[in-house]
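The next block is start.cif, given as mmCIF, C-alpha atoms.
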```
data_run
loop_
_atom_site.label_atom_id
_atom_site.label_comp_id
_atom_site.auth_asym_id
_atom_site.auth_seq_id
_atom_site.Cartn_x
_atom_site.Cartn_y
_atom_site.Cartn_z
CA MET X 1 92.49 123.38 76.08
CA SER X 2 88.85 123.76 77.12
CA ASN X 3 89.76 123.18 80.77
CA ILE X 4 92.35 125.95 80.82
CA LYS X 5 91.05 129.26 82.12
CA THR X 6 91.85 132.37 80.12
CA LEU X 7 92.85 135.59 81.85
CA LEU X 8 92.80 138.87 79.94
CA ILE X 9 95.09 141.37 81.66
CA THR X 10 95.40 144.97 80.52
CA GLY X 11 98.80 146.61 80.85
CA VAL X 12 100.66 143.32 81.07
CA SER X 13 104.17 144.61 80.45
CA SER X 14 104.80 146.11 83.88
CA GLY X 15 103.75 146.26 87.51
CA PHE X 16 100.96 144.07 88.80
CA GLY X 17 100.04 143.06 85.26
CA ARG X 18 103.42 141.55 84.58
CA ALA X 19 103.58 139.84 87.98
CA LEU X 20 100.08 138.40 87.61
CA ALA X 21 100.83 137.12 84.11
CA GLN X 22 103.99 135.41 85.35
CA VAL X 23 102.31 133.65 88.25
CA ALA X 24 99.21 132.75 86.21
CA LEU X 25 101.31 131.16 83.47
CA GLU X 26 103.21 129.19 86.10
CA ARG X 27 99.87 127.90 87.44
CA GLY X 28 98.78 126.77 83.99
CA TYR X 29 96.44 129.56 82.96
CA ARG X 30 96.21 130.94 79.43
CA VAL X 31 97.10 134.64 79.61
CA VAL X 32 96.18 137.26 77.06
CA GLY X 33 97.84 140.59 77.77
CA THR X 34 97.36 144.00 76.24
CA VAL X 35 100.44 146.10 75.49
CA ARG X 36 100.95 149.44 73.80
CA ASN X 37 103.84 148.77 71.41
CA ALA X 38 105.29 146.03 69.21
CA THR X 39 108.41 145.64 71.35
CA ALA X 40 106.36 144.84 74.44
CA LYS X 41 104.19 142.46 72.39
CA ALA X 42 107.19 140.51 71.17
CA ALA X 43 108.71 140.39 74.65
CA PHE X 44 105.54 138.99 76.21
CA GLU X 45 104.96 136.40 73.50
CA ALA X 46 108.62 135.32 73.77
CA SER X 47 107.72 133.76 77.12
CA GLU X 48 108.58 130.09 77.44
CA SER X 49 104.88 129.36 77.90
CA LYS X 50 102.81 128.52 74.82
CA ASN X 51 99.86 130.04 76.69
CA ALA X 52 101.03 133.66 76.48
CA PHE X 53 99.35 135.90 73.89
CA ALA X 54 99.65 139.65 73.43
CA TYR X 55 97.44 142.22 71.72
CA LEU X 56 98.31 145.78 70.84
CA LEU X 57 95.76 147.98 72.60
CA ASP X 58 95.69 151.33 74.33
CA VAL X 59 92.63 151.22 76.60
CA THR X 60 91.88 154.86 75.80
CA HIS X 61 91.35 153.93 72.14
CA PHE X 62 87.78 153.02 72.98
CA ALA X 63 86.65 152.32 69.43
CA ALA X 64 89.23 149.54 69.05
CA ILE X 65 88.29 147.57 72.16
CA ASP X 66 85.23 145.69 70.89
CA ASP X 67 87.13 144.27 67.91
CA VAL X 68 90.04 143.15 70.10
CA ILE X 69 87.72 141.36 72.53
CA ALA X 70 85.80 139.69 69.69
CA ASP X 71 89.07 138.50 68.15
CA ILE X 72 90.30 137.05 71.45
CA GLU X 73 87.03 135.19 71.92
CA ALA X 74 87.15 133.81 68.38
CA GLN X 75 90.85 133.02 68.04
CA ILE X 76 91.98 132.12 71.55
CA GLY X 77 88.89 131.19 73.50
CA PRO X 78 86.36 132.41 76.06
CA ILE X 79 87.64 135.08 78.43
CA ASP X 80 87.05 133.72 81.92
CA VAL X 81 88.65 136.57 83.86
CA LEU X 82 89.19 140.21 82.93
CA VAL X 83 91.84 141.99 84.98
CA ASN X 84 91.74 145.76 84.55
CA ASN X 85 95.30 146.58 85.51
CA ALA X 86 96.20 149.33 83.00
CA GLY X 87 96.53 152.62 84.80
CA TYR X 88 98.95 155.17 86.17
CA GLY X 89 99.30 157.71 88.93
CA HIS X 90 99.10 161.46 88.52
CA GLU X 91 100.82 163.52 91.20
CA GLY X 92 100.21 167.22 91.62
CA VAL X 93 98.51 169.77 93.82
CA MET X 94 95.01 170.15 92.41
CA GLU X 95 95.22 173.93 91.94
CA GLU X 96 98.43 173.46 89.96
CA SER X 97 97.17 170.55 87.84
CA SER X 98 95.36 171.10 84.56
CA LEU X 99 91.94 169.77 83.63
CA ASP X 100 93.54 168.00 80.67
CA GLU X 101 95.68 166.04 83.12
CA MET X 102 92.55 165.08 85.04
CA ARG X 103 90.78 163.96 81.86
CA GLN X 104 93.71 161.76 80.90
CA GLN X 105 93.84 160.25 84.39
CA PHE X 106 90.15 159.36 84.24
CA ASP X 107 90.33 158.21 80.61
CA VAL X 108 92.91 155.57 81.52
CA ASN X 109 91.95 154.60 85.07
CA VAL X 110 88.15 154.78 84.77
CA PHE X 111 86.85 155.04 81.20
CA GLY X 112 89.39 152.53 79.87
CA ALA X 113 88.44 150.00 82.53
CA VAL X 114 84.72 150.52 81.95
CA ALA X 115 85.14 150.20 78.18
CA MET X 116 86.92 146.87 78.65
CA ILE X 117 84.17 145.64 80.97
CA LYS X 118 81.43 146.65 78.54
CA ALA X 119 83.15 144.78 75.72
CA VAL X 120 83.66 141.58 77.73
CA LEU X 121 80.31 141.45 79.53
CA PRO X 122 78.07 140.27 76.67
CA PHE X 123 80.22 137.13 76.31
CA MET X 124 80.37 136.48 80.05
CA ARG X 125 76.66 137.12 80.48
CA GLN X 126 75.78 134.72 77.65
CA ARG X 127 77.90 132.01 79.33
CA ARG X 128 76.53 132.91 82.78
CA ARG X 129 80.02 132.92 84.30
CA GLY X 130 83.05 135.11 84.63
CA HIS X 131 85.10 137.25 86.98
CA ILE X 132 86.14 140.88 86.66
CA ILE X 133 89.09 142.12 88.70
CA ASN X 134 89.51 145.88 88.86
CA ILE X 135 92.83 146.92 90.35
CA THR X 136 92.09 150.10 92.27
CA SER X 137 94.22 151.33 95.18
CA MET X 138 94.12 152.10 98.87
CA GLY X 139 93.80 155.57 97.32
CA GLY X 140 90.25 154.54 96.46
CA PHE X 141 89.48 154.65 100.20
CA ILE X 142 91.98 157.06 101.73
CA THR X 143 93.40 160.32 100.40
CA MET X 144 96.72 162.14 100.56
CA PRO X 145 97.66 165.68 99.49
CA GLY X 146 98.93 165.84 95.94
CA ILE X 147 97.14 162.90 94.33
CA SER X 148 93.57 164.19 94.11
CA TYR X 149 93.09 163.18 90.46
CA TYR X 150 94.45 159.69 91.13
CA CYS X 151 92.36 159.18 94.26
CA GLY X 152 89.30 160.51 92.46
CA SER X 153 89.76 157.98 89.67
CA LYS X 154 90.19 155.11 92.12
CA PHE X 155 87.22 156.17 94.25
CA ALA X 156 85.18 156.14 91.03
CA LEU X 157 86.37 152.67 90.05
CA GLU X 158 85.64 151.32 93.54
CA GLY X 159 82.07 152.62 93.33
CA ILE X 160 81.56 151.29 89.81
CA SER X 161 82.93 147.89 90.81
CA GLU X 162 80.68 147.54 93.84
CA THR X 163 77.58 148.58 91.90
CA LEU X 164 78.48 146.24 89.03
CA SER X 165 78.89 143.32 91.42
CA LYS X 166 75.24 143.75 92.42
CA GLU X 167 74.06 144.04 88.81
CA LEU X 168 75.88 140.86 87.74
CA ALA X 169 75.27 138.60 90.74
CA THR X 170 72.37 136.77 89.14
CA PHE X 171 74.55 135.91 86.12
CA ASN X 172 77.23 134.18 88.22
CA ILE X 173 79.70 136.91 87.26
CA HIS X 174 81.86 138.11 90.14
CA VAL X 175 83.43 141.54 90.46
CA THR X 176 86.33 142.21 92.82
CA ALA X 177 87.98 145.57 93.40
CA VAL X 178 91.56 144.87 94.49
CA ALA X 179 93.05 147.79 96.41
CA PRO X 180 96.83 147.54 96.87
CA GLY X 181 98.85 149.63 99.25
CA SER X 182 102.47 150.54 98.50
CA PHE X 183 104.18 147.94 96.30
CA ARG X 184 107.48 147.76 94.48
CA THR X 185 106.10 148.63 91.05
CA ASP X 186 106.86 151.58 88.76
CA TRP X 187 103.80 153.49 90.04
CA ALA X 188 105.81 156.14 91.90
CA GLY X 189 108.73 155.97 89.45
CA ARG X 190 108.77 156.10 85.68
CA SER X 191 105.02 155.46 85.36
CA MET X 192 103.97 158.49 87.39
CA VAL X 193 103.00 161.75 85.69
CA ARG X 194 103.97 164.76 87.79
CA SER X 195 102.59 168.27 87.38
CA ALA X 196 105.06 171.14 87.54
CA ARG X 197 105.11 173.25 90.70
CA SER X 198 103.92 176.83 90.33
CA ILE X 199 102.36 178.09 93.61
CA PRO X 200 104.80 178.68 96.50
CA ASP X 201 102.00 178.59 99.09
CA TYR X 202 101.95 174.79 98.76
CA ASP X 203 105.72 174.29 99.15
CA ALA X 204 105.73 173.47 102.86
CA LEU X 205 102.93 170.93 102.52
CA PHE X 206 103.72 169.23 99.25
CA ASP X 207 107.46 169.36 98.58
CA PRO X 208 108.31 166.91 101.41
CA ILE X 209 105.57 164.54 100.19
CA ARG X 210 106.90 164.53 96.62
CA GLN X 211 110.47 164.04 97.81
CA ALA X 212 109.55 161.17 100.14
CA ARG X 213 107.57 159.43 97.42
CA GLU X 214 110.48 159.64 94.98
CA GLU X 215 112.94 158.37 97.60
CA LYS X 216 110.76 155.40 98.58
CA SER X 217 110.08 154.30 95.00
CA GLY X 218 111.34 150.74 94.57
CA LYS X 219 111.71 150.25 98.32
CA GLN X 220 108.05 149.79 99.25
CA LEU X 221 106.95 147.01 101.57
CA GLY X 222 104.72 145.18 99.09
CA ASP X 223 105.94 142.37 96.82
CA PRO X 224 104.12 142.32 93.42
CA ILE X 225 104.58 138.54 93.05
CA LYS X 226 102.88 137.94 96.39
CA ALA X 227 100.11 140.30 95.30
CA ALA X 228 99.71 138.25 92.11
CA ARG X 229 99.40 135.05 94.13
CA ALA X 230 96.77 136.67 96.34
CA MET X 231 94.77 137.77 93.28
CA LEU X 232 94.88 134.28 91.82
CA ASP X 233 93.66 132.89 95.15
CA VAL X 234 90.69 135.24 94.84
CA ILE X 235 90.09 134.19 91.23
CA GLU X 236 90.13 130.54 92.29
CA SER X 237 87.76 131.14 95.22
CA ARG X 238 84.14 129.99 95.00
CA ASP X 239 83.03 133.05 96.96
CA PRO X 240 85.36 135.94 96.02
CA PRO X 241 85.10 139.25 97.88
CA ALA X 242 83.71 142.45 96.39
CA HIS X 243 86.67 144.33 97.88
CA LEU X 244 90.16 143.13 98.73
CA LEU X 245 92.90 145.18 100.35
CA LEU X 246 96.48 144.11 99.67
CA GLY X 247 99.27 145.04 102.04
CA SER X 248 99.49 145.78 105.76
CA ASP X 249 99.79 149.52 105.10
CA ALA X 250 96.52 149.52 103.17
CA LEU X 251 94.87 147.55 105.96
CA ARG X 252 96.08 149.98 108.64
CA LEU X 253 95.29 153.18 106.76
CA VAL X 254 91.83 152.10 105.59
CA ARG X 255 90.90 150.91 109.09
CA GLU X 256 92.01 154.28 110.47
CA LYS X 257 89.94 156.08 107.84
CA LEU X 258 86.83 154.00 108.60
CA HIS X 259 87.26 154.59 112.34
CA LEU X 260 87.55 158.36 111.90
CA TYR X 261 84.63 158.36 109.45
CA SER X 262 82.46 156.48 111.94
CA GLU X 263 83.38 158.94 114.69
CA GLU X 264 82.49 161.89 112.46
CA ILE X 265 79.14 160.33 111.54
CA ASP X 266 78.35 159.86 115.23
CA ARG X 267 79.44 163.42 116.08
CA TRP X 268 77.12 164.94 113.47
CA GLU X 269 74.27 162.45 113.83
CA ALA X 270 71.83 164.99 115.25
CA ILE X 271 72.30 167.30 112.27
CA THR X 272 72.02 164.35 109.91
CA ARG X 273 68.69 163.29 111.44
CA SER X 274 67.35 166.86 111.58
CA THR X 275 66.64 166.95 107.85
CA ASP X 276 63.93 164.26 107.88
CA GLY X 277 60.31 165.29 107.04
#
```

How would this structure read if it were set down as structure tokens?
Amino acid sequence: MSNIKTLLITGVSSGFGRALAQVALERGYRVVGTVRNATAKAAFEASESKNAFAYLLDVTHFAAIDDVIADIEAQIGPIDVLVNNAGYGHEGVMEESSLDEMRQQFDVNVFGAVAMIKAVLPFMRQRRRGHIINITSMGGFITMPGISYYCGSKFALEGISETLSKELATFNIHVTAVAPGSFRTDWAGRSMVRSARSIPDYDALFDPIRQAREEKSGKQLGDPIKAARAMLDVIESRDPPAHLLLGSDALRLVREKLHLYSEEIDRWEAITRSTDG
């Protein structure tokens, strides 16, 4: 048992979490998954693998996280890899979307992930080993109208991940921000929270975007199982990246963004330099 690596995956009942758990169990890992209800817990633990364990946990219940992590460490074993997968997408024009919706988006996608990291880190730091995978999004690099809260949360998690990787390097703890493009998960379907429309001025811009996203849900290019295999390849690497894009669409769109950003920096370089002493 001591040679089996333990992965802790948040939000293991759907999307990338479910795919990663499936592939990891097939490769012989021990997988601990967090779920939000007893039905999902029973379903995950009913897996044919004896190495599947589930814990009831909502990552926004911050006060409960430390006890769950301590129990996993004591009852199941050292957590070798934390995968922060729990999250969802909020869709809505910013002017039409409430601050409460923004708070909830950040509570799940940012504060929940950070709370999990803070609970796991003392154990990893004591052992001087570990790996943290934060599943972000190509929306942590590029932006699109109508998902400002989502992109903001993923930009935040990208920045936190990169900074954390520098803080933990001397402890042999790796941090990788995995940024998927469009995959066949429930992100744009039942998992997405959509704000009601209220301002006609945005109709021409946003209505076609919302309609296209709904129509493409379930038909995206990316395969979650292949994404899971890619993440496990990163976990098994001796020199994992700080950032990893998944999907050809993410690769294309982020490269375009970086190219345009570089051009803009060059175009305004004189103004940029003019502020020195």

Shell around range 223-234 of chain X at 6 Å using all atoms listed in the file, local window under 2 positions removed, as a list in words: Phe16, Ala19, Leu20, Phe183, Glu236, Ser237 and Pro240 of chain X

Please enumerate the residues selected by the PyMOL selection byres ((chain X and resi 28) around 10) when evaluated against the supplied file, formatted as a PyMOL selection string. chain X and resi 4-6+23-27+29-31+49+51

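The smallest atom-to-atom distance between Val178 in chain X and any of X:Leu253, X:Val83, X:Val114, X:Leu245, using only C-alpha atoms, is found for X:Leu245.
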
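Residues matching the PyMOL selection byres ((chain X and resi 147) around 9) in this structure come to Gly89, His90, Glu91, Gly92, Val93, Met94, Gly139, Thr143, Met144, Pro145, Gly146, Ser148, Tyr149, Tyr150, Cys151 and Gly152 of chain X.
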
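For the pair CA of Lys219 in chain X and CA of Gly181 in chain X, the separation is 12.9 Å.
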
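Once the PyMOL selection byres ((chain X and resi 124) around 12) is applied to this file, the selection holds Ile69, Glu73, Gly77, Pro78, Ile79, Asp80, Val81, Leu82, Ile117, Lys118, Ala119, Val120, Leu121, Pro122, Phe123, Arg125, Gln126, Arg127, Arg128, Arg129, Gly130, His131, Ile132, Leu168, Phe171, Asn172, Ile173, His174 and Val175 of chain X.
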
Requested write-out: C-alpha atoms of the selected residues, as a PDB file, in the coordinates of the input:
```pdb
ATOM      1  CA  ILE X  69      87.720 141.360  72.530  1.00  0.00           C
ATOM      2  CA  GLU X  73      87.030 135.190  71.920  1.00  0.00           C
ATOM      3  CA  GLY X  77      88.890 131.190  73.500  1.00  0.00           C
ATOM      4  CA  PRO X  78      86.360 132.410  76.060  1.00  0.00           C
ATOM      5  CA  ILE X  79      87.640 135.080  78.430  1.00  0.00           C
ATOM      6  CA  ASP X  80      87.050 133.720  81.920  1.00  0.00           C
ATOM      7  CA  VAL X  81      88.650 136.570  83.860  1.00  0.00           C
ATOM      8  CA  LEU X  82      89.190 140.210  82.930  1.00  0.00           C
ATOM      9  CA  ILE X 117      84.170 145.640  80.970  1.00  0.00           C
ATOM     10  CA  LYS X 118      81.430 146.650  78.540  1.00  0.00           C
ATOM     11  CA  ALA X 119      83.150 144.780  75.720  1.00  0.00           C
ATOM     12  CA  VAL X 120      83.660 141.580  77.730  1.00  0.00           C
ATOM     13  CA  LEU X 121      80.310 141.450  79.530  1.00  0.00           C
ATOM     14  CA  PRO X 122      78.070 140.270  76.670  1.00  0.00           C
ATOM     15  CA  PHE X 123      80.220 137.130  76.310  1.00  0.00           C
ATOM     16  CA  ARG X 125      76.660 137.120  80.480  1.00  0.00           C
ATOM     17  CA  GLN X 126      75.780 134.720  77.650  1.00  0.00           C
ATOM     18  CA  ARG X 127      77.900 132.010  79.330  1.00  0.00           C
ATOM     19  CA  ARG X 128      76.530 132.910  82.780  1.00  0.00           C
ATOM     20  CA  ARG X 129      80.020 132.920  84.300  1.00  0.00           C
ATOM     21  CA  GLY X 130      83.050 135.110  84.630  1.00  0.00           C
ATOM     22  CA  HIS X 131      85.100 137.250  86.980  1.00  0.00           C
ATOM     23  CA  ILE X 132      86.140 140.880  86.660  1.00  0.00           C
ATOM     24  CA  LEU X 168      75.880 140.860  87.740  1.00  0.00           C
ATOM     25  CA  PHE X 171      74.550 135.910  86.120  1.00  0.00           C
ATOM     26  CA  ASN X 172      77.230 134.180  88.220  1.00  0.00           C
ATOM     27  CA  ILE X 173      79.700 136.910  87.260  1.00  0.00           C
ATOM     28  CA  HIS X 174      81.860 138.110  90.140  1.00  0.00           C
ATOM     29  CA  VAL X 175      83.430 141.540  90.460  1.00  0.00           C
TER      30      VAL X 175
END
```
